[in-house]
Amino acid sequence: MSVTQQQVLDALSKVASPRGVALTDANVLSAISVSDGKVFFSINVDAAEARAWEDVRARAEAAVRAVPGVSTAMIALTAERKPGSAAVPPAPHSHSHSRSAGVQPVAAHRPPQGGASPMSKQADIPGVAAVIAVASGKGGVGKSTTALNLALGLRDLGLRVGLLDADIYGPSVPRLTGINEKPKLDDNRKMIPIQRFGLAIMSIGFLVEEDTAMIWRGPMVMSAITQMLRDVAWGTLDVLVVDMPPGTGDAQLTLAQNVPLKGAVIISTPQDLSLIDARRGLAMFRKVNVPVLGIVENMSYFQCPQCGTRSNIFGHGGARQEAERLGVPFLGEIPLHMSIRTTSDAGNPVVASEPDGPHAAIYRAIGTRVRDQLQGAIAAA
């Protein structure tokens, strides 16, 4: 049964707000996205009112869930301080298995009494031995392609591997894997990751159409990432590889605060501009006490598929030198090659489509260096 936006609004009109009017008349709703039975929106209020609105978020969630044809609802309570107002602690909230709970933006957080770190709220994902982030300081460096092929390289080493596409604004994993199906829910109302190439894969791109613009504010991005970490039936995994959005913002902080990351892999190209941003990404992870597993130099050189001649289009060796300067491992260099690009565009990544080729060997070698650093965490789990 097809769900319409008007049906969602009709359901929300029956939910009363703390202001004494219907939720639809309280001027707090974001644009409502409805696609294939999946409903996304946020309730945007001032941080000073957050406690009063958390119950409203829960009732709105229940109302939307009751609409015939709704299979998934992602509803975030976003609370932001007005300029000059005092910060307030986040409201306590309950957590539903198949929907996200209300999430406060970083600006509204106040450290707990006693000076406890926000990292004290971390909790392991049941069944997942190690979570690692694949990150970059800027876009366009081939991070998602590297994350997927790294995950496949770890799989080839005999590990049970999952891949989470946490790039909310620009999810690439559906195209890179050729996955067009929607995730189903298990008996506990958790999303079941899509199985492809021997990986358990989840992406926000599985829930929305490819050309949908995700015009979401930071707190809703944080809520979506939390849901995809906690409300997915990951099963038993040795490693969950998280493809992060570029930059050093809400998504990165949400991941670091929610789960005890066992490490981060930084992707860069050799050129100075990319290395500057890679430096920022590395500094961010160190600041939140996440070990940096190393730096990968992507597009390290161009190798002509006809004559085999190497050309250093973006320079060469910059990431290795940066790794040495910063005292972190250099994990390897990946060439700019036609086969990596064509297999990625075709949804059949090079490690899976050309397992005996030279590029698959490079990704497996990088995976070996990552695995060796995670051995303790995997063995303990």
# chains A, B, ... in the order shown; residues from 1 in each chain; ligands from 1

call {"tool": "residues_around", "arguments": {"residues": "segment 322-326 of chain A", "least_positions_apart": "3", "cutoff": "9 Å", "atoms": "only C-alpha atoms", "output": "list in words"}}
result
Leu275, Arg279, Gly294, Ile295, Gly317, Gly318, Ala319, Pro329 and Phe330 of chain A

call {"tool": "write_last_selection", "arguments": {"atoms": "N, CA and C atoms", "output": "PDB file, in the first residue's frame"}}
result
ATOM      1  N   LEU A 275      46.284  16.560   1.464  1.00  0.00           N
ATOM      2  CA  LEU A 275      47.029  16.209   2.674  1.00  0.00           C
ATOM      3  C   LEU A 275      46.715  17.158   3.819  1.00  0.00           C
ATOM      4  N   ARG A 279      45.235  15.819   7.323  1.00  0.00           N
ATOM      5  CA  ARG A 279      45.828  16.183   8.609  1.00  0.00           C
ATOM      6  C   ARG A 279      44.744  16.576   9.606  1.00  0.00           C
ATOM      7  N   GLY A 294      46.187   4.217  10.166  1.00  0.00           N
ATOM      8  CA  GLY A 294      47.136   4.571   9.131  1.00  0.00           C
ATOM      9  C   GLY A 294      46.524   5.394   8.025  1.00  0.00           C
ATOM     10  N   ILE A 295      47.365   5.786   7.074  1.00  0.00           N
ATOM     11  CA  ILE A 295      46.968   6.605   5.929  1.00  0.00           C
ATOM     12  C   ILE A 295      47.128   5.798   4.647  1.00  0.00           C
ATOM     13  N   GLY A 317      53.808  10.081  -3.262  1.00  0.00           N
ATOM     14  CA  GLY A 317      54.541   9.883  -2.018  1.00  0.00           C
ATOM     15  C   GLY A 317      54.198  10.857  -0.917  1.00  0.00           C
ATOM     16  N   GLY A 318      53.288  11.801  -1.181  1.00  0.00           N
ATOM     17  CA  GLY A 318      52.957  12.786  -0.151  1.00  0.00           C
ATOM     18  C   GLY A 318      52.341  12.174   1.085  1.00  0.00           C
ATOM     19  N   ALA A 319      51.443  11.180   0.908  1.00  0.00           N
ATOM     20  CA  ALA A 319      50.789  10.556   2.060  1.00  0.00           C
ATOM     21  C   ALA A 319      51.781   9.751   2.882  1.00  0.00           C
ATOM     22  N   PRO A 329      51.094   4.651  10.800  1.00  0.00           N
ATOM     23  CA  PRO A 329      51.470   3.716   9.731  1.00  0.00           C
ATOM     24  C   PRO A 329      51.042   4.225   8.358  1.00  0.00           C
ATOM     25  N   PHE A 330      51.861   3.917   7.369  1.00  0.00           N
ATOM     26  CA  PHE A 330      51.460   4.122   5.976  1.00  0.00           C
ATOM     27  C   PHE A 330      50.959   2.780   5.469  1.00  0.00           C
TER      28      PHE A 330
END

call {"tool": "closest_atom_pairs", "arguments": {"of": "segment 134-169 of chain A", "to": "segment 239-248 of chain A", "cutoff": "7 Å", "atoms": "only C-alpha atoms", "output": "JSON lines"}}
result
{"residue": "A:Val134", "atom": "CA", "partner": "A:Asp243", "partner_atom": "CA", "distance": 5.2}
{"residue": "A:Ala135", "atom": "CA", "partner": "A:Met244", "partner_atom": "CA", "distance": 5.3}
{"residue": "A:Ser136", "atom": "CA", "partner": "A:Pro246", "partner_atom": "CA", "distance": 5.2}
{"residue": "A:Gly137", "atom": "CA", "partner": "A:Gly247", "partner_atom": "CA", "distance": 4.6}
{"residue": "A:Lys138", "atom": "CA", "partner": "A:Pro246", "partner_atom": "CA", "distance": 5.0}
{"residue": "A:Gly139", "atom": "CA", "partner": "A:Pro246", "partner_atom": "CA", "distance": 5.4}
{"residue": "A:Ser144", "atom": "CA", "partner": "A:Asp243", "partner_atom": "CA", "distance": 6.0}
{"residue": "A:Ala147", "atom": "CA", "partner": "A:Asp243", "partner_atom": "CA", "distance": 5.9}
{"residue": "A:Ala151", "atom": "CA", "partner": "A:Val241", "partner_atom": "CA", "distance": 6.4}
{"residue": "A:Arg160", "atom": "CA", "partner": "A:Val239", "partner_atom": "CA", "distance": 6.6}
{"residue": "A:Val161", "atom": "CA", "partner": "A:Val239", "partner_atom": "CA", "distance": 5.0}
{"residue": "A:Gly162", "atom": "CA", "partner": "A:Leu240", "partner_atom": "CA", "distance": 4.6}
{"residue": "A:Leu163", "atom": "CA", "partner": "A:Val241", "partner_atom": "CA", "distance": 4.8}
{"residue": "A:Leu164", "atom": "CA", "partner": "A:Val242", "partner_atom": "CA", "distance": 4.7}
{"residue": "A:Asp165", "atom": "CA", "partner": "A:Asp243", "partner_atom": "CA", "distance": 4.9}
{"residue": "A:Ala166", "atom": "CA", "partner": "A:Met244", "partner_atom": "CA", "distance": 5.1}
{"residue": "A:Asp167", "atom": "CA", "partner": "A:Pro245", "partner_atom": "CA", "distance": 4.2}

call {"tool": "residues_around", "arguments": {"residues": "Leu237 of chain A", "least_positions_apart": "5", "cutoff": "10 Å", "atoms": "only C-alpha atoms", "output": "list in words"}}
result
Ile125, Pro126, Gly127, Val128, Ala129, Ala130, Val131, Leu159, Arg160, Val161, Gly162, Leu199, Ala200, Ile378 and Ala381 of chain A

call {"tool": "write_last_selection", "arguments": {"atoms": "C-alpha atoms", "output": "short mmCIF file (atom, residue, chain, number, x, y, z; two decimals), in the first residue's frame"}}
result
data_model
loop_
_atom_site.label_atom_id
_atom_site.label_comp_id
_atom_site.auth_asym_id
_atom_site.auth_seq_id
_atom_site.Cartn_x
_atom_site.Cartn_y
_atom_site.Cartn_z
CA ILE A 125 27.39 -3.10 19.15
CA PRO A 126 26.33 -6.62 20.18
CA GLY A 127 28.08 -9.23 18.05
CA VAL A 128 30.54 -6.79 16.45
CA ALA A 129 34.14 -7.24 17.57
CA ALA A 130 35.65 -4.10 16.04
CA VAL A 131 34.29 -0.97 14.38
CA LEU A 159 37.11 -12.24 8.57
CA ARG A 160 33.36 -11.71 8.89
CA VAL A 161 32.87 -8.16 7.67
CA GLY A 162 30.08 -5.58 7.51
CA LEU A 199 29.51 -8.61 3.24
CA ALA A 200 26.64 -7.39 5.43
CA ILE A 378 39.03 -9.48 17.34
CA ALA A 381 35.66 -10.69 21.16
#

call {"tool": "residues_around", "arguments": {"residues": "Phe40 of chain A", "least_positions_apart": "4", "cutoff": "7 Å", "atoms": "only C-alpha atoms", "output": "VMD selection string"}}
result
chain A and resid 32 to 34 73 to 75

call {"tool": "select_by_dssp", "arguments": {"residues": "segment 257-302 of chain A", "states": "alpha helix (DSSP H)", "output": "ChimeraX atom specification"}}
result
/A:257-258,272-287

call {"tool": "write_last_selection", "arguments": {"atoms": "N, CA and C atoms", "output": "PDB file, in the first residue's frame"}}
result
ATOM      1  N   GLN A 257      31.338   9.121  19.644  1.00  0.00           N
ATOM      2  CA  GLN A 257      30.661   9.156  20.937  1.00  0.00           C
ATOM      3  C   GLN A 257      29.779   7.938  21.167  1.00  0.00           C
ATOM      4  N   ASN A 258      29.334   7.287  20.089  1.00  0.00           N
ATOM      5  CA  ASN A 258      28.377   6.189  20.235  1.00  0.00           C
ATOM      6  C   ASN A 258      29.022   4.829  20.396  1.00  0.00           C
ATOM      7  N   ASP A 272      49.106  18.321  -2.062  1.00  0.00           N
ATOM      8  CA  ASP A 272      49.173  19.053  -0.800  1.00  0.00           C
ATOM      9  C   ASP A 272      47.800  19.422  -0.267  1.00  0.00           C
ATOM     10  N   LEU A 273      46.875  19.832  -1.164  1.00  0.00           N
ATOM     11  CA  LEU A 273      45.553  20.268  -0.724  1.00  0.00           C
ATOM     12  C   LEU A 273      44.817  19.145   0.008  1.00  0.00           C
ATOM     13  N   SER A 274      44.915  17.930  -0.533  1.00  0.00           N
ATOM     14  CA  SER A 274      44.270  16.793   0.107  1.00  0.00           C
ATOM     15  C   SER A 274      44.952  16.445   1.420  1.00  0.00           C
ATOM     16  N   LEU A 275      46.284  16.560   1.464  1.00  0.00           N
ATOM     17  CA  LEU A 275      47.029  16.209   2.674  1.00  0.00           C
ATOM     18  C   LEU A 275      46.715  17.158   3.819  1.00  0.00           C
ATOM     19  N   ILE A 276      46.472  18.425   3.499  1.00  0.00           N
ATOM     20  CA  ILE A 276      46.094  19.388   4.543  1.00  0.00           C
ATOM     21  C   ILE A 276      44.801  18.933   5.219  1.00  0.00           C
ATOM     22  N   ASP A 277      43.811  18.516   4.400  1.00  0.00           N
ATOM     23  CA  ASP A 277      42.541  18.076   4.959  1.00  0.00           C
ATOM     24  C   ASP A 277      42.687  16.731   5.669  1.00  0.00           C
ATOM     25  N   ALA A 278      43.536  15.854   5.153  1.00  0.00           N
ATOM     26  CA  ALA A 278      43.790  14.581   5.821  1.00  0.00           C
ATOM     27  C   ALA A 278      44.370  14.819   7.206  1.00  0.00           C
ATOM     28  N   ARG A 279      45.235  15.819   7.323  1.00  0.00           N
ATOM     29  CA  ARG A 279      45.828  16.183   8.609  1.00  0.00           C
ATOM     30  C   ARG A 279      44.744  16.576   9.606  1.00  0.00           C
ATOM     31  N   ARG A 280      43.748  17.337   9.121  1.00  0.00           N
ATOM     32  CA  ARG A 280      42.649  17.751  10.004  1.00  0.00           C
ATOM     33  C   ARG A 280      41.860  16.534  10.478  1.00  0.00           C
ATOM     34  N   GLY A 281      41.572  15.616   9.541  1.00  0.00           N
ATOM     35  CA  GLY A 281      40.834  14.415   9.919  1.00  0.00           C
ATOM     36  C   GLY A 281      41.577  13.593  10.939  1.00  0.00           C
ATOM     37  N   LEU A 282      42.869  13.443  10.742  1.00  0.00           N
ATOM     38  CA  LEU A 282      43.682  12.683  11.689  1.00  0.00           C
ATOM     39  C   LEU A 282      43.688  13.354  13.054  1.00  0.00           C
ATOM     40  N   ALA A 283      43.830  14.678  13.067  1.00  0.00           N
ATOM     41  CA  ALA A 283      43.842  15.404  14.335  1.00  0.00           C
ATOM     42  C   ALA A 283      42.515  15.253  15.066  1.00  0.00           C
ATOM     43  N   MET A 284      41.411  15.237  14.316  1.00  0.00           N
ATOM     44  CA  MET A 284      40.094  15.088  14.940  1.00  0.00           C
ATOM     45  C   MET A 284      39.975  13.741  15.644  1.00  0.00           C
ATOM     46  N   PHE A 285      40.385  12.658  14.990  1.00  0.00           N
ATOM     47  CA  PHE A 285      40.289  11.348  15.612  1.00  0.00           C
ATOM     48  C   PHE A 285      41.197  11.244  16.839  1.00  0.00           C
ATOM     49  N   ARG A 286      42.361  11.817  16.761  1.00  0.00           N
ATOM     50  CA  ARG A 286      43.245  11.798  17.929  1.00  0.00           C
ATOM     51  C   ARG A 286      42.626  12.569  19.087  1.00  0.00           C
ATOM     52  N   LYS A 287      41.931  13.632  18.767  1.00  0.00           N
ATOM     53  CA  LYS A 287      41.338  14.472  19.811  1.00  0.00           C
ATOM     54  C   LYS A 287      40.254  13.719  20.577  1.00  0.00           C
TER      55      LYS A 287
END

call {"tool": "closest_residue", "arguments": {"among": "A:Gln227, A:Thr309, A:Gln303, A:Thr146", "to": "Ser344 of chain A", "atoms": "only C-alpha atoms"}}
result
A:Thr146

call {"tool": "residues_around", "arguments": {"residues": "Thr4 of chain A", "least_positions_apart": "4", "cutoff": "12 Å", "atoms": "only C-alpha atoms", "output": "list in words"}}
result
Val8, Leu9, Asp10, Ala11, Ile32, Ser33, Val34, Ser35, Asp36, Gly37, Lys38, Val39, Val64, Val67, Pro68, Gly69 and Val70 of chain A

call {"tool": "write_last_selection", "arguments": {"atoms": "N, CA and C atoms", "output": "compact mmCIF listing (two decimals), in the first residue's frame"}}
result
# COMPACT_ATOMS: atom_id res chain seq x y z
N VAL A 8 0.39 10.98 6.45
CA VAL A 8 1.29 11.22 7.59
C VAL A 8 0.87 12.49 8.33
N LEU A 9 0.58 13.54 7.57
CA LEU A 9 0.14 14.79 8.21
C LEU A 9 -1.17 14.61 8.96
N ASP A 10 -2.09 13.83 8.40
CA ASP A 10 -3.36 13.58 9.09
C ASP A 10 -3.13 12.87 10.41
N ALA A 11 -2.19 11.92 10.41
CA ALA A 11 -1.89 11.21 11.65
C ALA A 11 -1.25 12.14 12.67
N ILE A 32 8.62 16.57 5.24
CA ILE A 32 8.38 15.15 5.47
C ILE A 32 8.69 14.38 4.19
N SER A 33 9.59 13.42 4.31
CA SER A 33 9.96 12.59 3.18
C SER A 33 9.26 11.24 3.30
N VAL A 34 8.54 10.85 2.26
CA VAL A 34 7.84 9.57 2.24
C VAL A 34 8.27 8.82 0.98
N SER A 35 8.80 7.62 1.15
CA SER A 35 9.26 6.83 0.00
C SER A 35 9.14 5.35 0.32
N ASP A 36 8.34 4.64 -0.46
CA ASP A 36 8.20 3.18 -0.32
C ASP A 36 7.91 2.77 1.12
N GLY A 37 7.02 3.48 1.77
CA GLY A 37 6.63 3.12 3.13
C GLY A 37 7.59 3.59 4.20
N LYS A 38 8.60 4.36 3.83
CA LYS A 38 9.59 4.86 4.78
C LYS A 38 9.39 6.36 4.96
N VAL A 39 9.27 6.78 6.20
CA VAL A 39 8.94 8.17 6.52
C VAL A 39 10.09 8.79 7.30
N VAL A 64 2.72 7.76 13.35
CA VAL A 64 3.17 7.49 11.99
C VAL A 64 3.27 5.99 11.76
N VAL A 67 0.10 4.29 10.62
CA VAL A 67 -0.44 4.56 9.28
C VAL A 67 -0.26 3.31 8.41
N PRO A 68 -1.32 2.81 7.81
CA PRO A 68 -1.20 1.62 6.98
C PRO A 68 -0.16 1.80 5.87
N GLY A 69 0.74 0.83 5.76
CA GLY A 69 1.76 0.88 4.71
C GLY A 69 3.09 1.41 5.16
N VAL A 70 3.18 2.00 6.37
CA VAL A 70 4.46 2.51 6.87
C VAL A 70 5.28 1.34 7.42

call {"tool": "residues_around", "arguments": {"residues": "Pro193 of chain A", "least_positions_apart": "5", "cutoff": "12 Å", "atoms": "only C-alpha atoms", "output": "short mmCIF file (atom, residue, chain, number, x, y, z; two decimals) with C-alpha atoms, in the first residue's frame"}}
result
data_model
loop_
_atom_site.label_atom_id
_atom_site.label_comp_id
_atom_site.auth_asym_id
_atom_site.auth_seq_id
_atom_site.Cartn_x
_atom_site.Cartn_y
_atom_site.Cartn_z
CA VAL A 161 32.87 -8.16 7.67
CA GLY A 162 30.08 -5.58 7.51
CA LEU A 163 29.99 -2.24 5.69
CA LEU A 164 28.00 0.77 6.89
CA ASP A 165 27.62 3.68 4.48
CA ILE A 179 22.24 -3.01 -4.71
CA GLU A 181 16.65 -3.64 -2.99
CA LYS A 182 15.27 -2.32 0.29
CA PRO A 183 16.23 -3.83 3.66
CA LYS A 184 13.59 -5.89 5.46
CA LEU A 185 12.81 -5.96 9.18
CA ASP A 186 13.38 -8.94 11.45
CA GLY A 198 30.02 -11.90 1.36
CA LEU A 199 29.51 -8.61 3.24
CA ALA A 200 26.64 -7.39 5.43
CA ILE A 201 25.86 -3.95 3.95
CA MET A 202 23.66 -1.07 5.12
CA SER A 203 23.25 2.42 3.65
CA ILE A 204 20.78 5.29 3.94
CA PHE A 206 18.83 1.79 0.44
CA LEU A 207 15.96 3.73 2.03
CA MET A 228 21.97 2.54 11.42
CA LEU A 229 24.48 1.54 14.08
CA ASP A 231 18.84 -0.65 14.82
CA VAL A 232 20.44 -2.99 12.30
CA ALA A 233 20.70 -6.75 12.88
CA TRP A 234 24.42 -6.94 12.12
CA GLY A 235 24.79 -10.49 13.43
CA LEU A 240 32.35 -3.34 10.77
#

call {"tool": "select_by_dssp", "arguments": {"residues": "segment 159-312 of chain A", "states": "strand (DSSP E)", "output": "ChimeraX atom specification"}}
result
/A:161-165,194-196,199-203,237-243,263-268,292-297,302-303,310-311
